[in-house]
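Text of work.txt, listed as compact mmCIF, C-alpha atoms and all ligand atoms:
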```
# COMPACT_ATOMS: atom_id res chain seq x y z
CA MET D 1 -34.14 22.26 38.01
CA ASP D 2 -32.52 25.09 36.08
CA PRO D 3 -34.97 28.06 36.04
CA LEU D 4 -34.05 29.00 32.46
CA ALA D 5 -34.71 25.46 31.21
CA PHE D 6 -37.97 25.38 33.19
CA ARG D 7 -39.09 28.70 31.70
CA SER D 8 -38.26 27.56 28.22
CA ALA D 9 -40.13 24.24 28.73
CA ALA D 10 -43.20 26.08 30.09
CA ARG D 11 -43.11 28.63 27.27
CA SER D 12 -42.89 26.06 24.49
CA PHE D 13 -45.54 23.83 26.10
CA LEU D 14 -47.99 26.74 26.40
CA ALA D 15 -47.27 28.05 22.88
CA ALA D 16 -47.78 24.60 21.33
CA GLU D 17 -51.00 24.02 23.28
CA LEU D 18 -52.36 27.44 22.36
CA ASP D 19 -51.69 26.71 18.68
CA ARG D 20 -53.50 23.39 19.00
CA LEU D 21 -56.38 25.07 20.80
CA ARG D 22 -56.84 27.65 18.05
CA ALA D 23 -56.73 24.88 15.45
CA ASP D 24 -59.23 22.71 17.36
CA PHE D 25 -61.67 25.55 18.11
CA PRO D 26 -61.37 27.95 15.16
CA GLY D 27 -63.04 31.31 15.81
CA LEU D 28 -64.20 30.41 19.34
CA PRO D 29 -63.44 33.23 21.82
CA PHE D 30 -61.12 32.50 24.73
CA THR D 31 -64.05 33.22 27.08
CA ASP D 32 -65.97 30.17 25.84
CA PRO D 33 -66.27 27.59 28.66
CA VAL D 34 -65.69 24.62 26.33
CA LEU D 35 -62.42 26.09 25.13
CA ARG D 36 -61.43 27.14 28.66
CA ARG D 37 -62.05 23.63 29.97
CA ALA D 38 -60.16 22.06 27.06
CA PHE D 39 -57.10 24.19 27.67
CA GLU D 40 -57.14 23.65 31.44
CA ASP D 41 -57.42 19.87 30.85
CA ARG D 42 -54.38 19.98 28.58
CA VAL D 43 -52.33 21.94 31.11
CA CYS D 44 -53.18 19.35 33.77
CA ARG D 45 -52.60 16.36 31.49
CA GLY D 46 -49.31 17.93 30.42
CA GLY D 47 -48.11 17.67 34.03
CA TRP D 48 -48.36 21.36 34.96
CA SER D 49 -50.88 21.14 37.83
CA GLY D 50 -50.26 20.64 41.55
CA LEU D 51 -46.92 22.41 41.17
CA ASN D 52 -46.74 23.38 44.84
CA TRP D 53 -48.52 20.32 46.29
CA PRO D 54 -46.46 17.80 48.27
CA LYS D 55 -45.24 14.80 46.31
CA GLU D 56 -47.22 12.33 48.46
CA ALA D 57 -50.42 14.07 47.27
CA GLY D 58 -49.39 13.68 43.64
CA GLY D 59 -47.91 17.16 43.39
CA GLN D 60 -44.46 18.26 42.34
CA ALA D 61 -43.32 20.22 45.43
CA LEU D 62 -41.60 22.74 43.17
CA PRO D 63 -39.74 25.68 44.69
CA ILE D 64 -41.42 29.07 44.70
CA ASP D 65 -39.24 30.52 41.93
CA LEU D 66 -40.35 27.89 39.45
CA ILE D 67 -44.02 28.31 40.34
CA ALA D 68 -43.72 32.06 39.84
CA ILE D 69 -42.06 31.42 36.46
CA PHE D 70 -44.91 29.17 35.35
CA LEU D 71 -47.54 31.74 36.38
CA GLU D 72 -45.60 34.46 34.57
CA GLU D 73 -45.44 32.39 31.40
CA CYS D 74 -49.19 31.66 31.56
CA ALA D 75 -49.96 35.37 31.80
CA ARG D 76 -47.41 36.28 29.15
CA ALA D 77 -48.92 33.77 26.71
CA GLY D 78 -52.45 35.09 27.43
CA ILE D 79 -53.91 31.65 28.15
CA PRO D 80 -57.70 31.32 28.62
CA LYS D 81 -58.91 31.48 32.23
CA GLY D 82 -59.53 28.01 33.64
CA ILE D 83 -62.91 26.94 34.96
CA ASN D 84 -61.59 24.87 37.88
CA LEU D 85 -59.78 27.77 39.52
CA ILE D 86 -61.76 27.19 42.69
CA GLY D 87 -60.76 23.52 42.80
CA HIS D 88 -57.08 24.17 42.19
CA GLY D 89 -56.77 27.44 44.11
CA ILE D 90 -59.10 27.06 47.09
CA LEU D 91 -60.32 23.54 47.75
CA ALA D 92 -57.06 21.67 47.08
CA PRO D 93 -54.97 23.62 49.63
CA THR D 94 -57.85 23.39 52.10
CA LEU D 95 -58.11 19.61 51.73
CA LEU D 96 -54.34 19.26 51.99
CA LEU D 97 -54.56 20.90 55.42
CA HIS D 98 -57.94 19.80 56.76
CA GLY D 99 -59.15 16.81 54.71
CA SER D 100 -59.16 13.26 56.07
CA PRO D 101 -56.77 10.78 54.38
CA GLU D 102 -59.79 9.25 52.58
CA GLN D 103 -61.00 12.68 51.38
CA LYS D 104 -57.54 13.55 50.09
CA ALA D 105 -57.26 10.20 48.29
CA ARG D 106 -60.74 10.55 46.81
CA PHE D 107 -60.69 14.19 45.67
CA LEU D 108 -57.13 15.44 45.11
CA PRO D 109 -56.48 13.26 42.01
CA GLY D 110 -59.64 14.62 40.33
CA ILE D 111 -58.43 18.20 40.86
CA LEU D 112 -54.91 17.35 39.73
CA ALA D 113 -56.18 15.79 36.49
CA ASN D 114 -59.03 18.33 36.14
CA THR D 115 -61.59 15.56 35.80
CA GLU D 116 -63.76 17.08 38.56
CA ILE D 117 -64.76 20.73 38.51
CA TRP D 118 -65.56 22.46 41.80
CA CYS D 119 -67.71 25.37 42.89
CA GLN D 120 -67.91 27.18 46.23
CA GLY D 121 -71.29 27.44 47.96
CA TYR D 122 -70.89 30.05 50.68
CA SER D 123 -72.89 33.19 49.85
CA GLU D 124 -76.63 33.28 50.35
CA PRO D 125 -79.21 35.98 49.57
CA ASP D 126 -78.91 37.33 53.14
CA ALA D 127 -75.39 36.18 53.94
CA GLY D 128 -72.56 37.70 51.88
CA SER D 129 -70.11 39.82 53.84
CA ASP D 130 -71.87 38.62 56.96
CA LEU D 131 -71.34 35.00 55.98
CA ALA D 132 -72.04 33.70 59.48
CA ALA D 133 -75.69 34.71 58.92
CA LEU D 134 -76.07 31.77 56.50
CA ARG D 135 -79.28 29.78 56.86
CA THR D 136 -78.77 26.67 54.72
CA ARG D 137 -79.41 23.75 57.08
CA ALA D 138 -77.75 20.32 57.25
CA GLU D 139 -79.71 17.96 59.50
CA ARG D 140 -78.24 14.63 60.53
CA ASP D 141 -80.24 11.58 59.38
CA GLY D 142 -78.34 8.36 60.13
CA ASP D 143 -75.18 8.23 58.06
CA HIS D 144 -76.26 11.23 55.97
CA TYR D 145 -76.97 14.92 56.36
CA VAL D 146 -80.02 16.41 54.66
CA VAL D 147 -79.18 19.82 53.19
CA THR D 148 -81.85 22.44 52.47
CA GLY D 149 -81.34 26.08 51.50
CA GLN D 150 -80.25 28.51 48.82
CA LYS D 151 -76.83 29.72 47.70
CA ILE D 152 -76.20 32.61 45.33
CA TRP D 153 -73.37 33.98 43.15
CA THR D 154 -72.00 30.43 42.95
CA SER D 155 -69.36 30.68 40.21
CA TYR D 156 -69.22 27.72 37.79
CA ALA D 157 -72.05 25.82 39.56
CA HIS D 158 -73.60 25.17 36.13
CA LEU D 159 -70.40 23.37 35.07
CA ALA D 160 -69.31 21.90 38.39
CA ASP D 161 -69.26 18.24 39.38
CA TRP D 162 -68.85 19.05 43.08
CA CYS D 163 -69.52 21.91 45.46
CA PHE D 164 -67.90 22.63 48.82
CA LEU D 165 -70.44 24.39 50.94
CA LEU D 166 -71.17 25.72 54.39
CA ALA D 167 -74.35 24.70 56.15
CA ARG D 168 -75.72 25.19 59.64
CA THR D 169 -75.60 21.99 61.68
CA ASP D 170 -76.50 23.50 65.06
CA PRO D 171 -79.07 26.30 64.81
CA ALA D 172 -78.97 26.81 68.59
CA ALA D 173 -75.21 27.46 68.72
CA ALA D 174 -73.56 30.88 68.44
CA ARG D 175 -73.50 32.02 64.81
CA HIS D 176 -69.93 30.95 63.93
CA LYS D 177 -70.04 27.80 66.02
CA GLY D 178 -72.91 25.85 64.46
CA ILE D 179 -71.57 25.63 60.88
CA SER D 180 -70.02 22.63 59.09
CA PHE D 181 -68.07 22.27 55.82
CA PHE D 182 -69.37 19.72 53.28
CA LEU D 183 -68.38 18.30 49.91
CA VAL D 184 -71.54 17.84 47.83
CA ASP D 185 -72.00 15.95 44.57
CA MET D 186 -73.72 18.36 42.18
CA LYS D 187 -75.54 15.41 40.56
CA SER D 188 -77.36 14.65 43.83
CA PRO D 189 -81.16 14.68 43.57
CA GLY D 190 -82.69 17.94 44.88
CA ILE D 191 -80.13 20.41 43.44
CA THR D 192 -81.35 23.09 41.01
CA VAL D 193 -78.90 25.49 39.34
CA ARG D 194 -80.08 28.75 37.75
CA PRO D 195 -77.46 30.82 35.88
CA ILE D 196 -77.31 34.60 36.42
CA ARG D 197 -76.26 36.81 33.50
CA GLN D 198 -73.53 39.33 34.31
CA MET D 199 -73.28 42.82 32.85
CA ASP D 200 -70.45 41.69 30.54
CA GLY D 201 -72.93 39.28 28.91
CA GLN D 202 -71.43 36.08 30.31
CA GLU D 203 -73.11 33.64 32.68
CA GLU D 204 -70.46 32.51 35.13
CA PHE D 205 -72.32 32.50 38.40
CA ASN D 206 -75.59 31.01 39.58
CA GLU D 207 -78.32 30.62 42.13
CA VAL D 208 -78.20 27.10 43.58
CA PHE D 209 -81.15 25.57 45.43
CA PHE D 210 -80.78 22.56 47.73
CA ASN D 211 -84.01 20.72 48.44
CA ARG D 212 -83.44 17.92 50.96
CA VAL D 213 -80.13 16.90 49.36
CA ARG D 214 -78.57 13.84 51.01
CA VAL D 215 -74.85 14.15 51.76
CA PRO D 216 -72.93 11.21 53.28
CA VAL D 217 -71.45 11.97 56.70
CA ASP D 218 -67.96 11.09 55.48
CA LEU D 219 -68.13 14.06 53.09
CA ARG D 220 -68.06 16.49 56.01
CA VAL D 221 -64.58 18.05 56.25
CA GLY D 222 -63.40 18.38 59.87
CA GLU D 223 -65.59 18.01 62.92
CA GLU D 224 -69.30 18.79 63.01
CA ASN D 225 -69.84 22.49 63.85
CA ALA D 226 -66.16 23.28 63.21
CA GLY D 227 -66.60 24.40 59.61
CA TRP D 228 -66.03 28.11 60.20
CA ALA D 229 -62.28 27.80 60.80
CA ILE D 230 -61.92 25.64 57.68
CA ALA D 231 -63.92 28.17 55.65
CA MET D 232 -61.70 30.99 56.89
CA ALA D 233 -58.60 29.01 55.91
CA ALA D 234 -60.11 28.51 52.46
CA ALA D 235 -60.94 32.23 52.27
CA SER D 236 -57.37 33.20 53.08
CA TYR D 237 -56.12 30.94 50.27
CA GLU D 238 -58.57 32.62 47.96
CA ARG D 239 -57.23 36.04 48.88
CA ALA D 240 -53.58 35.02 48.57
CA THR D 241 -52.47 32.36 46.08
CA TYR D 242 -55.68 32.55 44.03
CA PHE D 243 -54.92 36.12 42.93
CA ILE D 244 -51.28 35.67 42.02
CA PRO D 245 -51.83 34.86 38.30
CA ARG D 246 -54.00 37.94 38.05
CA LEU D 247 -51.13 40.13 39.22
CA VAL D 248 -48.94 38.80 36.45
CA GLN D 249 -51.73 39.40 33.96
CA MET D 250 -52.11 42.95 35.28
CA GLU D 251 -48.43 43.65 34.64
CA GLN D 252 -48.90 42.44 31.07
CA GLU D 253 -51.98 44.63 30.60
CA LEU D 254 -50.09 47.64 31.92
CA ALA D 255 -47.23 47.05 29.46
CA ASP D 256 -49.76 46.72 26.62
CA LEU D 257 -51.55 49.89 27.63
CA VAL D 258 -48.28 51.84 27.74
CA ALA D 259 -47.55 50.56 24.21
CA VAL D 260 -51.04 51.54 23.05
CA SER D 261 -50.63 55.05 24.53
CA ARG D 262 -47.48 55.50 22.44
CA GLU D 263 -49.45 54.70 19.27
CA MET D 264 -52.52 56.86 20.02
CA ILE D 265 -52.45 60.49 18.86
CA ARG D 266 -54.94 62.90 20.40
CA ASP D 267 -55.04 66.70 19.93
CA GLY D 268 -51.85 66.42 17.91
CA ARG D 269 -49.75 64.65 20.53
CA ARG D 270 -49.10 61.12 21.69
CA VAL D 271 -51.39 60.10 24.55
CA CYS D 272 -48.36 58.82 26.48
CA ASP D 273 -47.03 62.41 26.62
CA ASP D 274 -50.07 63.61 28.60
CA PRO D 275 -48.73 64.30 32.13
CA LEU D 276 -51.89 62.97 33.79
CA VAL D 277 -51.64 59.71 31.85
CA ARG D 278 -47.93 59.43 32.71
CA ASP D 279 -48.73 60.03 36.37
CA ALA D 280 -51.40 57.31 36.33
CA PHE D 281 -48.99 54.89 34.66
CA ALA D 282 -46.32 55.61 37.28
CA ARG D 283 -48.73 54.92 40.12
CA LEU D 284 -49.90 51.67 38.53
CA PHE D 285 -46.31 50.60 37.92
CA VAL D 286 -45.50 51.10 41.62
CA ASP D 287 -48.64 49.16 42.60
CA VAL D 288 -47.70 46.25 40.34
CA GLN D 289 -44.17 46.08 41.77
CA ALA D 290 -45.49 46.20 45.35
CA LEU D 291 -48.05 43.50 44.55
CA LYS D 292 -45.43 41.26 42.98
CA LEU D 293 -43.25 41.46 46.08
CA HIS D 294 -46.19 40.63 48.33
CA ALA D 295 -47.20 37.82 45.97
CA ARG D 296 -43.73 36.29 46.23
CA THR D 297 -44.00 36.28 50.02
CA MET D 298 -47.40 34.61 49.73
CA LEU D 299 -46.12 32.02 47.28
CA ALA D 300 -43.22 31.20 49.61
CA ALA D 301 -45.67 30.64 52.48
CA ALA D 302 -47.90 28.49 50.25
CA ALA D 303 -44.90 26.42 49.16
CA ARG D 304 -44.17 25.76 52.86
CA HIS D 305 -47.87 24.79 53.21
CA GLU D 306 -48.43 27.54 55.69
CA GLN D 307 -51.87 29.00 55.94
CA PRO D 308 -51.85 32.58 54.61
CA GLY D 309 -52.60 35.26 57.21
CA PRO D 310 -54.50 38.56 56.97
CA GLU D 311 -51.90 39.99 54.58
CA GLY D 312 -53.76 38.07 51.82
CA SER D 313 -56.50 40.67 52.29
CA PHE D 314 -54.00 43.40 51.51
CA ILE D 315 -53.05 41.76 48.19
CA LYS D 316 -56.69 41.30 47.24
CA LEU D 317 -57.53 44.90 48.12
CA LEU D 318 -54.60 46.51 46.31
CA TRP D 319 -54.91 44.23 43.26
CA SER D 320 -58.65 44.75 42.76
CA GLU D 321 -58.58 48.53 43.22
CA SER D 322 -55.43 49.02 41.08
CA HIS D 323 -56.84 46.79 38.36
CA GLN D 324 -60.02 48.87 38.22
CA ARG D 325 -57.87 52.01 37.88
CA LEU D 326 -55.88 50.35 35.09
CA LEU D 327 -59.03 49.51 33.14
CA ASP D 328 -60.50 52.99 33.77
CA LEU D 329 -57.27 54.37 32.35
CA ALA D 330 -57.55 52.05 29.32
CA LEU D 331 -60.87 53.67 28.45
CA THR D 332 -59.34 57.14 28.79
CA VAL D 333 -56.27 56.24 26.74
CA ILE D 334 -58.09 54.43 23.94
CA GLY D 335 -61.26 56.53 23.95
CA PRO D 336 -64.37 55.52 21.97
CA GLU D 337 -62.34 53.12 19.83
CA VAL D 338 -62.46 50.71 22.78
CA LEU D 339 -66.04 49.92 21.72
CA LEU D 340 -64.76 48.28 18.53
CA GLY D 341 -63.67 45.33 20.62
CA PRO D 342 -61.19 42.63 19.78
CA HIS D 343 -62.99 41.24 16.73
CA GLU D 344 -62.62 44.47 14.77
CA PRO D 345 -59.40 44.31 12.67
CA SER D 346 -58.35 47.84 13.63
CA ALA D 347 -58.94 47.16 17.31
CA ILE D 348 -56.01 47.95 19.49
CA ARG D 349 -53.78 45.00 20.30
CA HIS D 350 -56.70 42.59 20.40
CA ARG D 351 -57.45 43.05 24.04
CA HIS D 352 -61.00 42.92 25.42
CA TRP D 353 -60.50 46.24 27.19
CA GLN D 354 -64.19 47.09 27.41
CA ARG D 355 -65.33 43.63 28.56
CA ASP D 356 -62.49 43.49 31.09
CA HIS D 357 -63.50 46.95 32.32
CA LEU D 358 -67.05 45.72 32.97
CA TRP D 359 -65.81 42.52 34.61
CA SER D 360 -63.40 44.43 36.86
CA ARG D 361 -66.41 45.98 38.68
CA ALA D 362 -66.86 42.55 40.29
CA GLU D 363 -63.29 42.36 41.52
CA THR D 364 -63.82 44.64 44.52
CA ILE D 365 -66.84 42.51 45.53
CA LEU D 366 -65.93 38.83 45.00
CA ALA D 367 -63.96 36.96 47.64
CA GLY D 368 -64.79 39.67 50.18
CA THR D 369 -65.53 43.31 49.34
CA SER D 370 -62.94 46.08 49.67
CA GLU D 371 -64.67 47.32 52.83
CA ILE D 372 -64.35 43.87 54.40
CA GLN D 373 -60.68 43.56 53.34
CA ARG D 374 -60.00 46.96 54.94
CA ASN D 375 -61.63 45.76 58.14
CA VAL D 376 -59.42 42.62 58.12
CA VAL D 377 -56.21 44.55 57.41
CA GLY D 378 -57.08 47.19 60.04
CA GLU D 379 -58.03 44.79 62.79
CA ARG D 380 -55.85 41.72 62.19
CA ALA D 381 -52.73 43.04 60.43
CA LEU D 382 -52.44 46.54 61.93
CA GLY D 383 -54.06 45.76 65.29
CA LEU D 384 -56.40 48.76 65.13
CA PRO D 385 -59.39 48.82 67.51
CA ARG D 386 -62.63 47.39 66.14
C1 LIG E 401 -68.10 37.69 40.20
C2 LIG E 401 -68.47 37.15 41.54
C3 LIG E 401 -68.28 35.79 41.79
C4 LIG E 401 -68.65 35.26 43.03
N1 LIG E 401 -68.49 33.90 43.23
C5 LIG E 401 -68.88 33.37 44.40
C6 LIG E 401 -68.78 31.96 44.62
O1 LIG E 401 -68.30 31.22 43.75
N2 LIG E 401 -69.24 31.45 45.78
C7 LIG E 401 -69.77 32.23 46.77
O2 LIG E 401 -70.14 31.71 47.81
N3 LIG E 401 -69.89 33.58 46.60
C8 LIG E 401 -69.46 34.16 45.43
N4 LIG E 401 -69.58 35.52 45.24
C9 LIG E 401 -70.27 36.31 46.25
C10 LIG E 401 -69.36 37.24 47.05
O3 LIG E 401 -68.61 36.51 47.96
C11 LIG E 401 -70.28 38.27 47.74
O4 LIG E 401 -70.85 39.06 46.72
C12 LIG E 401 -69.52 39.14 48.70
O5 LIG E 401 -69.08 38.42 49.81
C13 LIG E 401 -70.39 40.33 49.20
O6 LIG E 401 -71.60 39.88 49.69
P1 LIG E 401 -72.98 40.52 49.19
O7 LIG E 401 -72.96 40.52 47.68
O8 LIG E 401 -74.09 39.81 49.86
O9 LIG E 401 -72.93 42.03 49.64
P2 LIG E 401 -73.25 42.63 51.15
O10 LIG E 401 -72.58 41.75 52.13
O11 LIG E 401 -74.76 42.71 51.21
O12 LIG E 401 -72.59 44.02 51.08
C14 LIG E 401 -73.22 45.17 50.52
C15 LIG E 401 -72.32 46.38 50.78
O13 LIG E 401 -72.17 46.60 52.19
C16 LIG E 401 -70.79 46.63 52.57
N5 LIG E 401 -70.60 46.02 53.89
C17 LIG E 401 -71.19 44.88 54.33
N6 LIG E 401 -70.75 44.60 55.58
C18 LIG E 401 -69.87 45.57 55.94
C19 LIG E 401 -69.06 45.83 57.10
N7 LIG E 401 -69.08 45.02 58.16
N8 LIG E 401 -68.25 46.93 57.10
C20 LIG E 401 -68.20 47.75 56.01
N9 LIG E 401 -68.96 47.56 54.89
C21 LIG E 401 -69.77 46.49 54.83
C22 LIG E 401 -70.10 45.79 51.50
O14 LIG E 401 -68.71 46.13 51.40
C23 LIG E 401 -70.88 46.17 50.25
O15 LIG E 401 -70.40 47.37 49.71
C24 LIG E 401 -69.21 36.09 44.03
C25 LIG E 401 -69.38 37.46 43.77
C26 LIG E 401 -69.02 37.98 42.55
C27 LIG E 401 -69.21 39.46 42.31
```
Please express what this file holds, its structure, as structure tokens.
Amino acid sequence: MDPLAFRSAARSFLAAELDRLRADFPGLPFTDPVLRRAFEDRVCRGGWSGLNWPKEAGGQALPIDLIAIFLEECARAGIPKGINLIGHGILAPTLLLHGSPEQKARFLPGILANTEIWCQGYSEPDAGSDLAALRTRAERDGDHYVVTGQKIWTSYAHLADWCFLLARTDPAAARHKGISFFLVDMKSPGITVRPIRQMDGQEEFNEVFFNRVRVPVDLRVGEENAGWAIAMAAASYERATYFIPRLVQMEQELADLVAVSREMIRDGRRVCDDPLVRDAFARLFVDVQALKLHARTMLAAAARHEQPGPEGSFIKLLWSESHQRLLDLALTVIGPEVLLGPHEPSAIRHRHWQRDHLWSRAETILAGTSEIQRNVVGERALGLPR
């Protein structure tokens, strides 16, 4: 397909759907989950999901250039963040590699059409970075497992239909060896979800309690006690392809901030003429270009259905730390006016700079903290001693 025609089709589809969205949900912010779900549903129904999946799984097997174009157009249009990012970005590629034929047939169509929302149940109160310390148990009982334990920071669990989770199936085995990977119906009896309010005022993640939840044996992905390798594959997808749209968004934010700095006058001169601000912009520009090149390499590997390696950690690390610097800089450039927020008519370029600044604090924690990413890059990419 001609890339120009593809870009133009994506751009007009997204513009038309955004117009419809604004008309259908007048005044509702783009952070509202109902609106986010509605838009994501329309993107999927419009045939824009599973772009890099193989055709036999219902995907479109598009080449990397076209996928990058679609992600660029999404960021350029400023579409609302989806709520099934974990389903599309993490579980789908994991199932494509490790799921049984029955699991693929049962679950991939629901992700493709966005009819089933997924959450990821890994972290526990005493098992975050040290995930192998997890204590949630799954005990075999005939053709079921009985799952008991607590997860925390489970994004979208309050909206999710399904959860993929890690549970200990052999407490006597070495820490990484006694863990299995399960697909759990969130409507199962015994599941309690308690939302946690974040400092930006939203409630996106949750505590999830499992009290003797019965999970059919055929919803275990891979062999019993072999869940760790599958979880690590899923984690590397999270650190690679999952972050690519955010890089494109970051480039857009940087361009907007440069434009804002040209409009702002402080102490009688344009903020963009401040040498420290110019220096910070230059550094961010270099970071964005480096990230885009790495992202392209990652996309190419994903399009070949290769499992991303430790370099995904590098993308996650550089993106999250650069993005925090960008939003710190936004507060410096805009100053106290940032508090006016996007609903104030004089607010600068209608961005949620302050809310995004608060949210960005989470970016060096989620999907593995910066310290953990540095450990991975040092040990597995650079071959440094442990
Ligand atoms: C917005 C958000 C969404 C999330 N969504 C999900 C989700 O959907 N599902 C899910 O399962 N989890 C989710 N998480 C949880 C996330 O994966 C954990 O917060 C993360 O892995 C860190 O674990 P922890 O919070 O227990 O911190 P800890 O592991 O307790 O770490 C505390 C501090 O110690 C440092 N540290 C720990 N170990 C080492 C080490 N070996 N070397 C150097 N430093 C170290 C860490 O870097 C950190 O600074 C989410 C988190 C956030 C912020």
Any chance you could tabulate, as CSV, the residues of chain D at most 6 Å from ligand LIG 401 (chain E) with each one's nearest atom pair and distance in Å to one decimal, using only C-alpha atoms and all ligand atoms, in chain and rising number order?
```
residue,atom,partner,partner_atom,distance
D:Cys119,CA,E:LIG401,O1,5.9
D:Gln120,CA,E:LIG401,N2,4.5
D:Gly121,CA,E:LIG401,O2,4.4
D:Tyr122,CA,E:LIG401,O2,3.4
D:Ser123,CA,E:LIG401,O2,3.7
D:Ala127,CA,E:LIG401,O8,5.6
D:Gly128,CA,E:LIG401,O6,3.2
D:Ser129,CA,E:LIG401,O10,3.6
D:Asp130,CA,E:LIG401,O10,5.8
D:Trp153,CA,E:LIG401,C8,4.5
D:Thr154,CA,E:LIG401,O1,3.9
D:Ser155,CA,E:LIG401,O1,3.7
D:Ala362,CA,E:LIG401,C27,4.4
D:Ile365,CA,E:LIG401,C27,5.0
D:Leu366,CA,E:LIG401,C25,3.9
D:Ala367,CA,E:LIG401,O3,4.7
D:Gly368,CA,E:LIG401,O5,4.5
D:Thr369,CA,E:LIG401,O14,4.7
D:Glu371,CA,E:LIG401,O14,4.4
D:Ile372,CA,E:LIG401,N8,5.6
```
Output C-alpha atoms for every residue in the selection just made, as a tab-separated table (two decimals), in the frame of the given file.
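Generated file (selection.tsv):
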```tsv
chain	number	residue	atom	x	y	z
D	119	CYS	CA	-67.71	25.37	42.89
D	120	GLN	CA	-67.91	27.18	46.23
D	121	GLY	CA	-71.29	27.44	47.96
D	122	TYR	CA	-70.89	30.05	50.68
D	123	SER	CA	-72.89	33.19	49.85
D	127	ALA	CA	-75.39	36.18	53.94
D	128	GLY	CA	-72.56	37.70	51.88
D	129	SER	CA	-70.11	39.82	53.84
D	130	ASP	CA	-71.87	38.62	56.96
D	153	TRP	CA	-73.37	33.98	43.15
D	154	THR	CA	-72.00	30.43	42.95
D	155	SER	CA	-69.36	30.68	40.21
D	362	ALA	CA	-66.86	42.55	40.29
D	365	ILE	CA	-66.84	42.51	45.53
D	366	LEU	CA	-65.93	38.83	45.00
D	367	ALA	CA	-63.96	36.96	47.64
D	368	GLY	CA	-64.79	39.67	50.18
D	369	THR	CA	-65.53	43.31	49.34
D	371	GLU	CA	-64.67	47.32	52.83
D	372	ILE	CA	-64.35	43.87	54.40
```
Here CA of Ala290 in chain D and CA of Ile315 in chain D stand apart by 9.2 Å
Pairwise distance, CA of Val221 in chain D with CA of His98 in chain D, equals 6.9 Å
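Compared by their closest atoms to Ala9 in chain D, and using all atoms listed in the file, the residues D:Leu28, D:Ala75, D:Ile69, D:Leu51 rank with D:Ile69 nearest.
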Pairwise distance, CA of Arg197 in chain D with CA of His357 in chain D, equals 16.3 Å
Leaving out Asp143 in chain D and any residue of its chain fewer than 5 positions from it, which residues lie within 9 Å of it when counting only C-alpha atoms, given as a short mmCIF file (atom, residue, chain, number, x, y, z; two decimals) with C-alpha atoms, in the frame of the given file?
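Output saved as result31.cif:
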```cif
data_model
loop_
_atom_site.label_atom_id
_atom_site.label_comp_id
_atom_site.auth_asym_id
_atom_site.auth_seq_id
_atom_site.Cartn_x
_atom_site.Cartn_y
_atom_site.Cartn_z
CA VAL D 215 -74.85 14.15 51.76
CA PRO D 216 -72.93 11.21 53.28
CA VAL D 217 -71.45 11.97 56.70
CA ASP D 218 -67.96 11.09 55.48
#
```
With a distance cut-off of 12 Å and only C-alpha atoms, select the neighbouring residues of range 168-173 of chain D, excluding the residue or stretch itself and same-chain residues fewer than 5 positions from it, and output the selection as JSON, numbers by chain. {"D": [122, 131, 132, 133, 134, 135, 136, 137, 138, 139, 140, 141, 145, 146, 147, 148, 149, 178, 179, 180, 181, 182, 217, 220, 223, 224, 225, 226, 227, 228]}
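Closest to Ile67 in chain D among D:Leu339, D:Ile191, D:Leu96, D:Met1 is D:Met1, based on only C-alpha atoms.
Closest approach to Leu257 in chain D from the set D:Arg283, D:Arg351, D:Arg386, D:Lys151 is made by D:Arg351, with distances taken over all atoms listed in the file.
Proximity of D:Ala234, D:Thr332, D:Thr192, D:Leu108 to Leu276 in chain D, computed with all atoms listed in the file, is greatest for D:Thr332.
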| field | Residues near Gln252 in chain D, cut-off 7 Å, all atoms listed in the file, skip fewer than 4 positions along chain, as a list of chain:residue names | value | D:Arg76, D:Val248, D:Asp256
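Closest approach to Asp19 in chain D among D:Leu159, D:Met232, D:Phe39, D:Arg246 is made by D:Phe39 (distances from all atoms listed in the file).
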For this session: May I have the residues within 8 Å of Ala77 in chain D as a ChimeraX atom specification, using only C-alpha atoms and disregarding those fewer than 2 positions away in the same chain?
Result: /D:11,14-15,73-75,79
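Close contacts of range 187-190 of chain D, defined as residues with an atom at most 6 Å away when counting all atoms listed in the file, with chain neighbours fewer than 5 positions off set aside, comprise Phe210, Asn211 and Val213 of chain D.
Counting all atoms listed in the file, the residue from D:Lys292, D:Arg361, D:Arg42, D:Arg374 that sits nearest to Ala68 in chain D is D:Lys292.
Every polymer residue reaching to within 10 Å of (-56.1, 60.1, 34.3), counting only C-alpha atoms, appears in this list: Asp274, Pro275, Leu276, Val277, Arg278, Asp279, Ala280, Phe281, Arg325, Leu326, Asp328, Leu329, Ala330, Leu331, Thr332 and Val333 of chain D.
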Generate N, CA and C atoms for range 72-76 of chain D and emit them as an mmCIF file, keeping the file's coordinate frame.
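Result file is result09.cif:
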```cif
data_model
loop_
_atom_site.group_PDB
_atom_site.id
_atom_site.type_symbol
_atom_site.label_atom_id
_atom_site.label_comp_id
_atom_site.auth_asym_id
_atom_site.auth_seq_id
_atom_site.Cartn_x
_atom_site.Cartn_y
_atom_site.Cartn_z
ATOM 1 N N GLU D 72 -45.992 33.368 35.469
ATOM 2 C CA GLU D 72 -45.600 34.460 34.570
ATOM 3 C C GLU D 72 -45.765 34.054 33.112
ATOM 4 N N GLU D 73 -45.352 32.852 32.798
ATOM 5 C CA GLU D 73 -45.440 32.390 31.400
ATOM 6 C C GLU D 73 -46.896 32.229 30.971
ATOM 7 N N CYS D 74 -47.753 31.773 31.887
ATOM 8 C CA CYS D 74 -49.190 31.660 31.560
ATOM 9 C C CYS D 74 -49.753 33.022 31.212
ATOM 10 N N ALA D 75 -49.420 34.020 32.042
ATOM 11 C CA ALA D 75 -49.960 35.370 31.800
ATOM 12 C C ALA D 75 -49.363 35.953 30.529
ATOM 13 N N ARG D 76 -48.078 35.739 30.335
ATOM 14 C CA ARG D 76 -47.410 36.280 29.150
ATOM 15 C C ARG D 76 -48.029 35.709 27.872
#
```
